[in-house]
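Visitor: My structure is stored as run_2.tsv, with TSV, C-alpha atoms.
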```tsv
chain	number	residue	atom	x	y	z
A	1	MET	CA	-10.59	-22.57	-4.24
A	2	GLN	CA	-8.30	-25.48	-3.42
A	3	HIS	CA	-4.99	-26.60	-4.90
A	4	LYS	CA	-3.31	-29.95	-4.33
A	5	SER	CA	-0.16	-28.34	-2.95
A	6	ASP	CA	1.32	-24.97	-2.04
A	7	VAL	CA	3.58	-25.23	-5.11
A	8	GLU	CA	0.52	-25.52	-7.38
A	9	ALA	CA	-1.14	-22.63	-5.53
A	10	ALA	CA	2.01	-20.50	-5.90
A	11	ASP	CA	2.00	-21.16	-9.64
A	12	ALA	CA	-1.69	-20.13	-9.74
A	13	LEU	CA	-0.87	-16.87	-7.92
A	14	LYS	CA	1.94	-16.10	-10.37
A	15	GLN	CA	-0.41	-16.73	-13.31
A	16	ALA	CA	-3.20	-14.62	-11.76
A	17	TYR	CA	-0.72	-11.79	-11.08
A	18	GLN	CA	0.40	-11.78	-14.73
A	19	GLN	CA	-3.23	-11.74	-15.95
A	20	ILE	CA	-4.05	-8.86	-13.57
A	21	ARG	CA	-1.04	-6.86	-14.81
A	22	LYS	CA	-2.12	-7.46	-18.42
A	23	GLU	CA	-5.70	-6.29	-17.72
A	24	ILE	CA	-4.55	-3.19	-15.82
A	25	SER	CA	-2.20	-2.26	-18.70
A	26	ASN	CA	-5.28	-1.98	-20.95
A	27	VAL	CA	-6.27	1.10	-18.95
A	28	ILE	CA	-3.12	2.33	-17.19
A	29	VAL	CA	-0.16	3.20	-19.41
A	30	GLY	CA	3.25	2.69	-17.74
A	31	GLN	CA	3.51	2.96	-13.91
A	32	ASP	CA	4.70	-0.69	-13.85
A	33	GLU	CA	6.52	-0.37	-10.52
A	34	VAL	CA	3.51	1.30	-8.89
A	35	VAL	CA	1.11	-1.43	-10.10
A	36	LYS	CA	3.53	-4.12	-8.88
A	37	PHE	CA	3.75	-2.68	-5.37
A	38	VAL	CA	-0.02	-2.09	-5.13
A	39	LEU	CA	-0.67	-5.75	-6.02
A	40	ILE	CA	2.05	-7.03	-3.66
A	41	SER	CA	0.50	-5.05	-0.78
A	42	ILE	CA	-2.96	-6.51	-1.55
A	43	PHE	CA	-1.64	-10.10	-1.59
A	44	SER	CA	0.40	-9.40	1.57
A	45	ASN	CA	-2.70	-7.98	3.33
A	46	GLY	CA	-1.09	-4.55	3.72
A	47	HIS	CA	-1.98	-0.98	2.74
A	48	CYS	CA	-0.33	1.42	0.31
A	49	LEU	CA	0.38	5.18	0.28
A	50	LEU	CA	0.78	6.76	-3.17
A	51	VAL	CA	2.61	10.08	-3.42
A	52	GLY	CA	2.40	12.02	-6.66
A	53	VAL	CA	1.33	15.25	-8.28
A	54	PRO	CA	-2.27	15.54	-9.56
A	55	GLY	CA	-3.22	13.92	-12.86
A	56	LEU	CA	-1.03	10.80	-12.67
A	57	ALA	CA	-4.05	8.42	-12.71
A	58	LYS	CA	-3.88	7.48	-9.02
A	59	THR	CA	-7.69	7.28	-8.72
A	60	LEU	CA	-8.05	5.50	-12.07
A	61	LEU	CA	-5.45	2.93	-10.98
A	62	VAL	CA	-7.37	2.07	-7.80
A	63	GLN	CA	-10.69	1.86	-9.65
A	64	THR	CA	-9.14	-0.42	-12.28
A	65	VAL	CA	-7.59	-2.70	-9.61
A	66	SER	CA	-10.97	-3.01	-7.85
A	67	GLN	CA	-12.67	-3.95	-11.15
A	68	VAL	CA	-10.05	-6.57	-12.07
A	69	LEU	CA	-10.29	-8.07	-8.57
A	70	ASP	CA	-14.11	-7.94	-8.52
A	71	LEU	CA	-14.16	-6.06	-5.21
A	72	ASP	CA	-16.36	-3.31	-3.77
A	73	PHE	CA	-14.71	0.08	-4.08
A	74	ASN	CA	-15.34	3.39	-2.30
A	75	ARG	CA	-13.57	6.70	-2.71
A	76	ILE	CA	-13.35	9.14	0.21
A	77	GLN	CA	-12.21	12.66	-0.64
A	78	PHE	CA	-10.42	13.98	2.45
A	79	THR	CA	-11.10	17.64	3.18
A	80	PRO	CA	-10.42	19.84	6.25
A	81	ASP	CA	-14.09	19.67	7.35
A	82	LEU	CA	-14.44	15.87	7.03
A	83	MET	CA	-15.60	14.24	10.30
A	84	PRO	CA	-14.86	10.69	11.56
A	85	SER	CA	-18.56	9.81	11.20
A	86	ASP	CA	-18.32	10.70	7.47
A	87	ILE	CA	-15.91	7.77	7.15
A	88	ILE	CA	-17.08	5.10	9.57
A	89	GLY	CA	-20.81	5.88	9.68
A	90	SER	CA	-23.08	7.05	12.48
A	91	GLU	CA	-25.98	6.13	14.71
A	92	ILE	CA	-29.37	7.54	13.74
A	93	LEU	CA	-32.73	7.41	15.43
A	94	GLY	CA	-34.97	5.10	13.41
A	95	GLU	CA	-38.73	5.24	12.88
A	96	ASP	CA	-39.19	2.70	15.70
A	97	ARG	CA	-37.54	5.20	18.12
A	98	SER	CA	-34.42	3.04	18.49
A	99	PHE	CA	-30.90	3.86	17.35
A	100	LYS	CA	-29.45	2.03	14.38
A	101	PHE	CA	-26.02	2.17	12.80
A	102	ILE	CA	-25.72	3.43	9.22
A	103	PRO	CA	-22.37	2.18	7.83
A	104	GLY	CA	-20.07	4.75	6.20
A	105	PRO	CA	-17.97	4.39	3.04
A	106	VAL	CA	-15.21	2.52	4.94
A	107	PHE	CA	-17.41	-0.60	4.76
A	108	SER	CA	-15.99	-1.73	1.43
A	109	ASN	CA	-13.13	-3.96	0.20
A	110	ILE	CA	-10.96	-1.26	-1.37
A	111	ILE	CA	-10.90	2.28	0.01
A	112	LEU	CA	-9.27	5.12	-1.87
A	113	ALA	CA	-8.38	7.73	0.75
A	114	ASP	CA	-7.81	10.65	-1.60
A	115	GLU	CA	-5.43	13.35	-0.29
A	116	ILE	CA	-5.34	11.86	3.21
A	117	ASN	CA	-3.14	14.73	4.46
A	118	ARG	CA	-5.90	17.30	3.83
A	119	THR	CA	-7.95	16.27	6.88
A	120	PRO	CA	-7.22	16.86	10.60
A	121	PRO	CA	-5.61	14.09	12.73
A	122	LYS	CA	-8.93	13.19	14.43
A	123	THR	CA	-10.41	12.11	11.08
A	124	GLN	CA	-7.17	10.49	9.89
A	125	ALA	CA	-7.20	8.38	13.08
A	126	ALA	CA	-10.74	7.10	12.32
A	127	LEU	CA	-9.42	5.45	9.16
A	128	LEU	CA	-6.32	4.11	10.90
A	129	GLU	CA	-8.32	2.02	13.40
A	130	ALA	CA	-9.98	0.37	10.41
A	131	MET	CA	-6.58	-0.26	8.80
A	132	GLN	CA	-5.00	-1.84	11.87
A	133	GLU	CA	-7.90	-3.68	13.54
A	134	LYS	CA	-10.01	-4.32	10.40
A	135	SER	CA	-13.00	-3.07	12.39
A	136	VAL	CA	-14.61	0.23	13.44
A	137	THR	CA	-16.15	1.27	16.73
A	138	ALA	CA	-19.22	3.51	16.82
A	139	ALA	CA	-21.20	4.32	19.98
A	140	GLY	CA	-19.27	1.64	21.88
A	141	VAL	CA	-20.14	-1.14	19.41
A	142	THR	CA	-17.43	-2.76	17.27
A	143	HIS	CA	-18.35	-3.55	13.67
A	144	LYS	CA	-16.16	-5.92	11.63
A	145	LEU	CA	-15.18	-4.84	8.13
A	146	ALA	CA	-15.56	-6.99	5.01
A	147	GLN	CA	-12.51	-9.01	3.98
A	148	PRO	CA	-10.26	-8.45	2.15
A	149	PHE	CA	-9.85	-4.84	3.27
A	150	PHE	CA	-7.30	-2.64	1.61
A	151	VAL	CA	-6.62	1.11	1.94
A	152	LEU	CA	-4.90	2.99	-0.82
A	153	ALA	CA	-4.20	6.53	0.33
A	154	THR	CA	-2.90	9.33	-1.89
A	155	GLN	CA	-0.87	12.33	-0.88
A	156	ASN	CA	0.05	15.38	-2.93
A	157	PRO	CA	3.77	16.25	-2.49
A	158	ILE	CA	3.22	19.90	-3.45
A	159	GLU	CA	0.81	22.45	-1.94
A	160	GLN	CA	1.75	21.71	1.68
A	161	GLU	CA	-0.24	24.73	2.88
A	162	GLY	CA	-3.43	23.74	4.70
A	163	THR	CA	-2.40	20.11	5.07
A	164	TYR	CA	-1.92	17.86	8.10
A	165	PRO	CA	1.10	15.62	7.44
A	166	LEU	CA	0.60	12.05	8.69
A	167	PRO	CA	2.55	11.45	11.92
A	168	GLU	CA	5.21	8.70	11.91
A	169	ALA	CA	3.01	6.30	13.91
A	170	GLN	CA	0.29	6.59	11.27
A	171	LEU	CA	2.70	6.35	8.33
A	172	ASP	CA	3.97	3.12	9.89
A	173	ARG	CA	0.55	1.51	9.23
A	174	PHE	CA	1.23	1.62	5.48
A	175	MET	CA	3.21	-1.30	4.09
A	176	PHE	CA	4.50	0.72	1.12
A	177	LYS	CA	4.99	4.37	0.31
A	178	VAL	CA	5.23	4.56	-3.49
A	179	SER	CA	6.20	7.68	-5.44
A	180	LEU	CA	4.59	8.21	-8.84
A	181	ASN	CA	6.69	9.90	-11.48
A	182	TYR	CA	5.68	11.71	-14.66
A	183	PRO	CA	5.17	9.39	-17.66
A	184	SER	CA	7.83	9.23	-20.38
A	185	PHE	CA	7.21	11.09	-23.66
A	186	GLN	CA	6.06	7.88	-25.43
A	187	GLU	CA	3.80	6.89	-22.51
A	188	GLU	CA	2.22	10.34	-22.43
A	189	LEU	CA	1.56	10.15	-26.19
A	190	GLN	CA	-0.21	6.82	-25.61
A	191	ILE	CA	-2.22	8.25	-22.67
A	192	VAL	CA	-3.41	11.22	-24.73
A	193	LYS	CA	-4.34	8.94	-27.66
A	194	ASN	CA	-6.33	6.63	-25.38
A	195	THR	CA	-8.16	9.34	-23.46
A	196	THR	CA	-9.09	11.84	-26.16
A	197	SER	CA	-11.06	9.48	-28.40
A	198	THR	CA	-14.39	7.70	-28.00
A	199	THR	CA	-12.70	4.33	-27.41
A	200	GLN	CA	-13.54	2.88	-23.99
A	201	GLN	CA	-11.00	0.53	-22.44
A	202	SER	CA	-12.62	-2.28	-20.44
A	203	VAL	CA	-11.12	-4.87	-18.08
A	204	SER	CA	-12.07	-8.45	-17.23
A	205	LYS	CA	-12.50	-9.74	-13.69
A	206	ILE	CA	-9.65	-12.09	-12.74
A	207	LEU	CA	-10.04	-12.86	-8.99
A	208	ASN	CA	-12.81	-12.55	-6.41
A	209	ALA	CA	-12.67	-11.80	-2.67
A	210	GLU	CA	-12.51	-15.48	-1.64
A	211	GLN	CA	-9.58	-16.18	-3.98
A	212	ILE	CA	-7.67	-13.12	-2.74
A	213	ILE	CA	-8.06	-14.23	0.90
A	214	TYR	CA	-6.81	-17.70	-0.14
A	215	PHE	CA	-3.72	-16.19	-1.80
A	216	GLN	CA	-3.08	-13.89	1.21
A	217	GLN	CA	-2.97	-17.04	3.38
A	218	LEU	CA	-0.70	-18.75	0.85
A	219	VAL	CA	1.81	-15.87	0.98
A	220	ARG	CA	2.03	-16.29	4.78
A	221	ASN	CA	2.61	-20.05	4.39
A	222	ILE	CA	5.68	-19.61	2.16
A	223	PRO	CA	8.84	-20.83	3.94
A	224	VAL	CA	11.76	-18.44	4.49
A	225	ALA	CA	15.38	-19.47	5.02
A	226	ASP	CA	17.01	-18.28	8.26
A	227	ASN	CA	19.70	-16.29	6.41
A	228	VAL	CA	16.98	-14.29	4.56
A	229	LEU	CA	15.14	-13.60	7.86
A	230	GLU	CA	18.39	-12.46	9.47
A	231	TYR	CA	19.22	-10.26	6.47
A	232	ALA	CA	15.82	-8.51	6.64
A	233	VAL	CA	16.00	-7.89	10.40
A	234	LYS	CA	19.62	-6.72	10.14
A	235	LEU	CA	18.71	-4.38	7.25
A	236	VAL	CA	16.11	-2.70	9.46
A	237	ALA	CA	18.53	-2.59	12.42
A	238	LYS	CA	21.07	-0.79	10.19
A	239	THR	CA	18.63	2.15	9.91
A	240	ARG	CA	18.70	2.75	13.69
A	241	PRO	CA	21.47	5.17	14.66
A	242	ASP	CA	21.95	3.57	18.11
A	243	SER	CA	22.09	-0.02	16.77
A	244	GLU	CA	25.28	-2.11	16.83
A	245	PHE	CA	24.73	-2.80	13.10
A	246	ALA	CA	24.53	0.88	12.07
A	247	ALA	CA	27.48	2.13	10.01
A	248	PRO	CA	29.10	5.46	11.04
A	249	GLN	CA	27.68	6.99	7.85
A	250	VAL	CA	24.11	6.01	8.87
A	251	LYS	CA	24.57	7.45	12.36
A	252	ARG	CA	25.44	10.77	10.71
A	253	LEU	CA	22.64	10.74	8.12
A	254	LEU	CA	19.66	9.44	10.13
A	255	ASN	CA	17.98	10.71	13.29
A	256	TRP	CA	15.51	7.86	13.53
A	257	GLY	CA	15.26	4.31	12.17
A	258	ALA	CA	12.51	1.88	11.23
A	259	GLY	CA	10.58	-0.21	13.78
A	260	PRO	CA	9.79	-3.96	13.89
A	261	ARG	CA	6.81	-3.54	11.55
A	262	ALA	CA	9.33	-2.82	8.77
A	263	SER	CA	10.99	-6.23	9.35
A	264	GLN	CA	7.59	-7.97	9.20
A	265	PHE	CA	6.64	-6.20	5.96
A	266	LEU	CA	10.07	-6.89	4.41
A	267	ILE	CA	9.54	-10.64	4.87
A	268	LEU	CA	5.89	-10.60	3.73
A	269	GLY	CA	6.75	-8.42	0.73
A	270	ALA	CA	9.75	-10.62	-0.16
A	271	LYS	CA	7.56	-13.77	0.01
A	272	CYS	CA	5.02	-12.27	-2.38
A	273	HIS	CA	7.73	-10.85	-4.66
A	274	ALA	CA	9.33	-14.32	-4.86
A	275	VAL	CA	6.05	-16.05	-5.82
A	276	ILE	CA	5.10	-13.60	-8.58
A	277	ASN	CA	8.58	-14.13	-10.03
A	278	GLY	CA	8.22	-17.92	-10.09
A	279	LYS	CA	10.18	-18.76	-6.91
A	280	TYR	CA	8.84	-20.84	-4.01
A	281	SER	CA	10.92	-19.17	-1.29
A	282	PRO	CA	12.33	-15.63	-1.09
A	283	ASP	CA	16.03	-14.84	-1.25
A	284	ILE	CA	18.02	-11.72	-0.36
A	285	GLU	CA	17.30	-10.13	-3.79
A	286	ASP	CA	13.55	-10.28	-3.02
A	287	VAL	CA	14.09	-8.44	0.27
A	288	GLN	CA	16.12	-5.77	-1.52
A	289	ALA	CA	13.44	-5.43	-4.24
A	290	VAL	CA	10.80	-4.33	-1.72
A	291	ALA	CA	13.08	-2.49	0.73
A	292	LYS	CA	12.88	1.08	-0.60
A	293	PRO	CA	9.07	1.57	-0.52
A	294	ILE	CA	8.93	-0.18	2.88
A	295	LEU	CA	11.73	1.78	4.58
A	296	SER	CA	11.44	5.21	2.91
A	297	HIS	CA	8.61	6.50	5.16
A	298	ARG	CA	9.98	4.87	8.33
A	299	ILE	CA	13.32	6.66	8.58
A	300	VAL	CA	13.95	10.30	9.46
A	301	ARG	CA	16.88	12.08	7.81
A	302	SER	CA	19.27	14.21	9.84
A	303	TYR	CA	20.25	17.79	9.11
A	304	HIS	CA	23.46	16.50	7.45
A	305	ALA	CA	21.50	14.33	4.97
A	306	GLU	CA	19.21	17.23	4.06
A	307	ALA	CA	22.16	19.63	3.68
A	308	GLU	CA	23.91	17.15	1.36
A	309	GLY	CA	20.72	16.73	-0.68
A	310	LEU	CA	20.47	12.99	0.05
A	311	SER	CA	16.99	11.46	-0.27
A	312	THR	CA	15.77	8.57	1.88
A	313	ASP	CA	16.19	6.28	-1.18
A	314	ASP	CA	19.86	7.31	-1.49
A	315	ILE	CA	20.44	6.42	2.16
A	316	ILE	CA	18.60	3.06	1.86
A	317	ALA	CA	20.75	2.17	-1.18
A	318	GLN	CA	23.84	2.51	1.05
A	319	LEU	CA	22.49	-0.16	3.43
A	320	PHE	CA	22.57	-3.07	0.95
```
Hey, can you dump this file as structure tokens for me?
Guide:
Amino acid sequence: MQHKSDVEAADALKQAYQQIRKEISNVIVGQDEVVKFVLISIFSNGHCLLVGVPGLAKTLLVQTVSQVLDLDFNRIQFTPDLMPSDIIGSEILGEDRSFKFIPGPVFSNIILADEINRTPPKTQAALLEAMQEKSVTAAGVTHKLAQPFFVLATQNPIEQEGTYPLPEAQLDRFMFKVSLNYPSFQEELQIVKNTTSTTQQSVSKILNAEQIIYFQQLVRNIPVADNVLEYAVKLVAKTRPDSEFAAPQVKRLLNWGAGPRASQFLILGAKCHAVINGKYSPDIEDVQAVAKPILSHRIVRSYHAEAEGLSTDDIIAQLF
């Protein structure tokens, strides 16, 4: 897949994005923001954490995205007794008396890690090597994963009993943390109409793996003005209580700020956000558009913020 120039390629990405959104809307009613951030994280070569109560079509969304993008899809249901080998695969003794590696479900393009906080840290960590290194190691041998590789993890915000919350270092691996809200009354009417009849909604394939890798490279090639780079890095620095850029209010409301990975994702996300909105270079508005889902899981509120009932999104809004 070759285009004469990056401008032509950027236009092609914008067009593909709009077609993908249209196809997904045939199956998923509403959840526009969620779909937008899932697609931005795929084109930015990141991963996404979805937080929402059961029944909000998280699994259906991932399945639909994998169909539209013509990618292999595997779902892993995380449970307390899940072992690392259940994810990455294991060595077995073959008929010829030699060991051979049987790949696990992680060897796919899109992985849905369902209820990732239900499994112990040892098993969570097995998936995180795959997310960071795009490879898995079994019995001392490293196996490369298929590209593109994208993890969409879900977490249930209620029922915290019997769960293992992801530590900050593991949360940091996710580009976005996106909260799913209940549908509006009209949207829920539409959902019930669509799902309680015999009508089957189908989707067309828009992009394949090779085209997605091409667009991921394109997003990295997009130029960024120095003032936008400085704004993104300064925005992240403002979340750190001991930073020279932190306002007195932030020092009071936050115990811990975001790391350098947040700055990298802000720029990558802003680049992709600019292209899908018809721009050839991101501006400050694009950085702000992706800031909340990038920063929300990378900052730790203080006792004062919790006592005042301020959410991480409220605190991030004060940084702009």
Visitor: Expressed in Å to a single decimal, how great is the separation between atom CA of Ile191 of chain A and atom CA of Leu60 of chain A?
Guide: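 Computing it gives 12.4 Å between the two atoms.
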Visitor: Which residue is closest to Glu306 of chain A? Choose from A:Val51, A:Leu254, A:Val141, A:Leu268 and count all atoms listed in the file.
Guide: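 Looking at the shortest contact to Glu306 of chain A, the residue is A:Leu254.
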Visitor: Near Leu61 of chain A, within 12 Å and counting all atoms listed in the file, which residues show up once chain neighbours fewer than 3 positions away are dropped, as a PyMOL selection string?
Guide: chain A and resi 21+23-32+34-36+38-39+50+55-58+64-68+73+110+112+152-154+180+203
Visitor: Give me a file of those residues, with C-alpha atoms, as a PDB file, keeping the file's coordinate frame.
Guide:
```pdb
ATOM      1  CA  ARG A  21      -1.040  -6.860 -14.810  1.00  0.00           C
ATOM      2  CA  GLU A  23      -5.700  -6.290 -17.720  1.00  0.00           C
ATOM      3  CA  ILE A  24      -4.550  -3.190 -15.820  1.00  0.00           C
ATOM      4  CA  SER A  25      -2.200  -2.260 -18.700  1.00  0.00           C
ATOM      5  CA  ASN A  26      -5.280  -1.980 -20.950  1.00  0.00           C
ATOM      6  CA  VAL A  27      -6.270   1.100 -18.950  1.00  0.00           C
ATOM      7  CA  ILE A  28      -3.120   2.330 -17.190  1.00  0.00           C
ATOM      8  CA  VAL A  29      -0.160   3.200 -19.410  1.00  0.00           C
ATOM      9  CA  GLY A  30       3.250   2.690 -17.740  1.00  0.00           C
ATOM     10  CA  GLN A  31       3.510   2.960 -13.910  1.00  0.00           C
ATOM     11  CA  ASP A  32       4.700  -0.690 -13.850  1.00  0.00           C
ATOM     12  CA  VAL A  34       3.510   1.300  -8.890  1.00  0.00           C
ATOM     13  CA  VAL A  35       1.110  -1.430 -10.100  1.00  0.00           C
ATOM     14  CA  LYS A  36       3.530  -4.120  -8.880  1.00  0.00           C
ATOM     15  CA  VAL A  38      -0.020  -2.090  -5.130  1.00  0.00           C
ATOM     16  CA  LEU A  39      -0.670  -5.750  -6.020  1.00  0.00           C
ATOM     17  CA  LEU A  50       0.780   6.760  -3.170  1.00  0.00           C
ATOM     18  CA  GLY A  55      -3.220  13.920 -12.860  1.00  0.00           C
ATOM     19  CA  LEU A  56      -1.030  10.800 -12.670  1.00  0.00           C
ATOM     20  CA  ALA A  57      -4.050   8.420 -12.710  1.00  0.00           C
ATOM     21  CA  LYS A  58      -3.880   7.480  -9.020  1.00  0.00           C
ATOM     22  CA  THR A  64      -9.140  -0.420 -12.280  1.00  0.00           C
ATOM     23  CA  VAL A  65      -7.590  -2.700  -9.610  1.00  0.00           C
ATOM     24  CA  SER A  66     -10.970  -3.010  -7.850  1.00  0.00           C
ATOM     25  CA  GLN A  67     -12.670  -3.950 -11.150  1.00  0.00           C
ATOM     26  CA  VAL A  68     -10.050  -6.570 -12.070  1.00  0.00           C
ATOM     27  CA  PHE A  73     -14.710   0.080  -4.080  1.00  0.00           C
ATOM     28  CA  ILE A 110     -10.960  -1.260  -1.370  1.00  0.00           C
ATOM     29  CA  LEU A 112      -9.270   5.120  -1.870  1.00  0.00           C
ATOM     30  CA  LEU A 152      -4.900   2.990  -0.820  1.00  0.00           C
ATOM     31  CA  ALA A 153      -4.200   6.530   0.330  1.00  0.00           C
ATOM     32  CA  THR A 154      -2.900   9.330  -1.890  1.00  0.00           C
ATOM     33  CA  LEU A 180       4.590   8.210  -8.840  1.00  0.00           C
ATOM     34  CA  VAL A 203     -11.120  -4.870 -18.080  1.00  0.00           C
TER      35      VAL A 203
END
```
Visitor: Can you work out which one of A:Ala307, A:Ala274, A:Leu235, A:Lys292 has the shortest atom-to-atom distance to Glu33 of chain A, counting all atoms listed in the file?
Guide: A:Lys292
Visitor: Between A:Phe245, A:Phe215, A:Phe174, A:Tyr280, single out the one closest to Ala16 of chain A, counting all atoms listed in the file.
Guide: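 Result for the nearest residue to Ala16 of chain A: A:Phe215.
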Visitor: Given all atoms listed in the file as the basis, pick out the residue of A:Phe176, A:Ala225, A:Thr137, A:Val53 nearest to Gln155 of chain A.
Guide: A:Val53
Visitor: Find the spatial neighbours of Tyr17 of chain A, counting all atoms listed in the file, within a cut-off of 10 Å - ignore same-chain residues fewer than 3 positions away - and output them as a list in words.
Guide: Asp11, Ala12, Leu13, Lys14, Ile20, Arg21, Lys22, Glu23, Lys36, Leu39, Ile40, Phe43, Ile206, Leu207, Val275, Ile276 and Asn277 of chain A
Visitor: May I have the residues within 9 Å of segment 311-316 of chain A as a list in words, using all atoms listed in the file and disregarding those fewer than 3 positions away in the same chain?
Guide: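 Here the answer would be Thr239, Val250, Leu253, Leu254, Ala291, Lys292, Pro293, Leu295, Ser296, His297, Ile299, Val300, Arg301, Ala305, Glu306, Leu319 and Phe320 of chain A.
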Visitor: Measuring atom to atom with all atoms listed in the file, identify which of A:Pro260, A:Asp283, A:Gln170, A:Gly104 is nearest to Asp226 of chain A.
Guide: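 Selected residue with least distance to Asp226 of chain A: A:Asp283.
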Visitor: Separation of atom CA of Asn74 of chain A and atom CA of His143 of chain A, in Å?
Guide: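 Taking atom CA of Asn74 of chain A and atom CA of His143 of chain A, their separation equals 17.7 Å.
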Visitor: Quick one, how far is atom CA of Glu188 of chain A from atom CA of Glu115 of chain A?
Guide: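 Going from atom CA of Glu188 of chain A over to atom CA of Glu115 of chain A, I get 23.6 Å.
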Visitor: Which of these residues is nearest to Ala209 of chain A, using all atoms listed in the file: A:Phe149, A:Phe265, A:Tyr303, A:Phe78?
Guide: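 Among the listed residues, A:Phe149 lies closest to Ala209 of chain A.
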Visitor: Within 9 Å of (12.2, 7.1, 14.1) (coordinates as in the file), grab all the protein and nucleic acid residues, counting all atoms listed in the file, and write them out as a count of residues only.
Guide: 11
Visitor: Could you list, as a PyMOL selection string, every residue within 8 Å of Gln216 of chain A, counting only C-alpha atoms and ignoring same-chain residues fewer than 4 positions away?
Guide: chain A and resi 42-45+212+220
Visitor: Got a sec to check which residues sit within 12 Å of (0.2, -22.9, 4.2), counting all atoms listed in the file, and write them as a list of chain:residue names?
Guide: A:Gln2, A:His3, A:Lys4, A:Ser5, A:Asp6, A:Val7, A:Glu8, A:Ala9, A:Ala10, A:Tyr214, A:Phe215, A:Gln216, A:Gln217, A:Leu218, A:Val219, A:Arg220, A:Asn221, A:Ile222, A:Pro223
